[in-house]
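Asker: One structure follows; several queries about it will come next.
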Amino acid sequence: MRTFITLLLVSICSIAYAQDTIGYRVGTTKNPYRPSQKPLPTIDVEIVTEKFKLENPILNPGNVLNTRFLHPIFSQEELNNKSLVLVFWNKECDNCLDKMSILNTHLKNLMKDNKSLLISITPEKKEDALGILRDNPVSHTDLICNGKAIIEKLGITKFPTYVITDANHNIKLAVSGNDRELYALIRHYLKPSVNGLTP
């Protein structure tokens, strides 16, 4: 009887988690090129990395990212041998997705070879998240909405946060901020996509 009750509770929790966390592929509905945006600045990679790095031991560069938190949405087969670009955001993050759209050319090139996944994760409800992404398109993203449990599990407290891994899910970059220097740093990691995101 005790075993039955335990299994029943686990099943209920699993169903609730699956219902709360929603995956969705987002199509870009606007032209991703924004002529009004100024070119990103030239940066010193080490200085800018130090300025925006996360103080979060789980996401230290060099660590292997445990991708099990993505399993409600992605199978392990979908994640295997794929480099990851993870964007954690919420609706209060000061138009971070609008600013990130300047990277759409690099994101498009990165996703084209089918060796990488761009996943945006937000605590927002599906309708709110899709509305924001439709107005501020980020190319080729898979969206996880209602992702509060995932965000808490990873210890992320600031938005936006960006995590980039190689194909073995070794963390290459984990930063937070919404500054033009930060986007120049992300571009630096996106550009050499042919070589597995190694700058």
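Residues in the structure tokens are numbered from 1 in each chain, the chains being A, B, ... in the order shown, and ligands are numbered from 1 in the order shown.
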Quick one: everything within 7 Å of range 54-67 of chain A, counting only C-alpha atoms, minus sequence neighbours fewer than 6 positions away in the same chain. Send it as JSON, numbers by chain.
Answerer: {"A": [154, 169, 170, 171, 172, 173, 174, 175, 176]}
Asker: Among range 7-178 of chain A, which ones does DSSP assign to alpha helix (DSSP H) (computed from the backbone)? Answer as number ranges by chain.
Answerer: A: 7-20, 45-52, 76-79, 96-100, 104-112, 126-135, 148-153
Asker: Taking only C-alpha atoms into account, name the residue in A:Asp128, A:Asp44, A:Asp135, A:Asp113 that is nearest to Asn95 in chain A.
Answerer: A:Asp135
Asker: Quick check, in Å to one decimal: how far apart do CA of Ser139 in chain A and CA of Glu152 in chain A lie?
Answerer: 25.7 Å
Asker: Using only C-alpha atoms, determine which residues lie at most 6 Å from Phe88 in chain A, disregarding the query and same-chain residues fewer than 5 positions distant; provide the list as a count of residues only.
Answerer: 5
Asker: Under the rule that only C-alpha atoms are counted, which of A:Met100, A:His140, A:His71, A:Trp89 is the nearest residue to Arg187 in chain A?
Answerer: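 Of the candidates, the smallest distance to Arg187 in chain A is held by A:Met100.
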Asker: So, counting only C-alpha atoms, which residue among A:Leu190, A:Ile144, A:Ile164, A:Ile151 is closest to Val85 in chain A?
Answerer: A:Ile164
Asker: For Ser83 in chain A, work out the shell of residues within 8 Å, counting only C-alpha atoms and skipping chain neighbours fewer than 5 positions away, then give it as a short mmCIF file (atom, residue, chain, number, x, y, z; two decimals) with N, CA and C atoms, in the first residue's frame.
Answerer:
data_model
loop_
_atom_site.label_atom_id
_atom_site.label_comp_id
_atom_site.auth_asym_id
_atom_site.auth_seq_id
_atom_site.Cartn_x
_atom_site.Cartn_y
_atom_site.Cartn_z
N LYS A 115 23.70 21.52 -35.59
CA LYS A 115 24.59 20.99 -34.56
C LYS A 115 24.47 21.79 -33.26
N SER A 116 23.52 22.72 -33.23
CA SER A 116 23.33 23.58 -32.07
C SER A 116 21.86 23.77 -31.80
N LEU A 117 21.54 24.10 -30.55
CA LEU A 117 20.17 24.44 -30.17
C LEU A 117 20.17 25.78 -29.47
N ILE A 164 26.40 29.40 -22.77
CA ILE A 164 26.80 28.79 -24.03
C ILE A 164 27.67 27.58 -23.71
N THR A 165 27.36 26.44 -24.35
CA THR A 165 28.15 25.23 -24.15
C THR A 165 28.71 24.74 -25.49
N ASP A 166 29.66 23.81 -25.38
CA ASP A 166 30.11 23.12 -26.59
C ASP A 166 29.24 21.89 -26.81
N ALA A 167 29.61 21.07 -27.79
CA ALA A 167 28.79 19.91 -28.14
C ALA A 167 28.76 18.84 -27.05
N ASN A 168 29.73 18.88 -26.15
CA ASN A 168 29.74 17.94 -25.03
C ASN A 168 29.08 18.53 -23.79
N HIS A 169 28.49 19.72 -23.95
CA HIS A 169 27.78 20.45 -22.89
C HIS A 169 28.72 20.98 -21.80
N GLY A 196 32.78 24.70 -33.20
CA GLY A 196 32.18 24.26 -31.94
C GLY A 196 32.16 25.31 -30.84
N LEU A 197 31.99 26.57 -31.22
CA LEU A 197 31.84 27.67 -30.26
C LEU A 197 33.10 27.97 -29.46
#
Asker: I'd like to know which of A:Ser101, A:Asn90, A:Asn114, A:Gln76 is closest to Lys126 in chain A, using only C-alpha atoms.
Answerer: A:Asn90
Asker: At what distance in Å, to one decimal, does CA of Leu79 in chain A lie from CA of Cys96 in chain A?
Answerer: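 Atom-to-atom, CA of Cys96 in chain A and CA of Leu79 in chain A are spaced 25.5 Å apart.
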Asker: Hey, which of A:Tyr162, A:Phe69, A:Glu181, A:Met111 ends up closest to Lys148 in chain A? Count only C-alpha atoms.
Answerer: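 Selected residue with least distance to Lys148 in chain A: A:Phe69.
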Asker: When you draw a straight line from CA of Val45 in chain A to CA of Gly177 in chain A, how long is it in Å?
Answerer: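 Between these atoms lies a distance of 15.0 Å.
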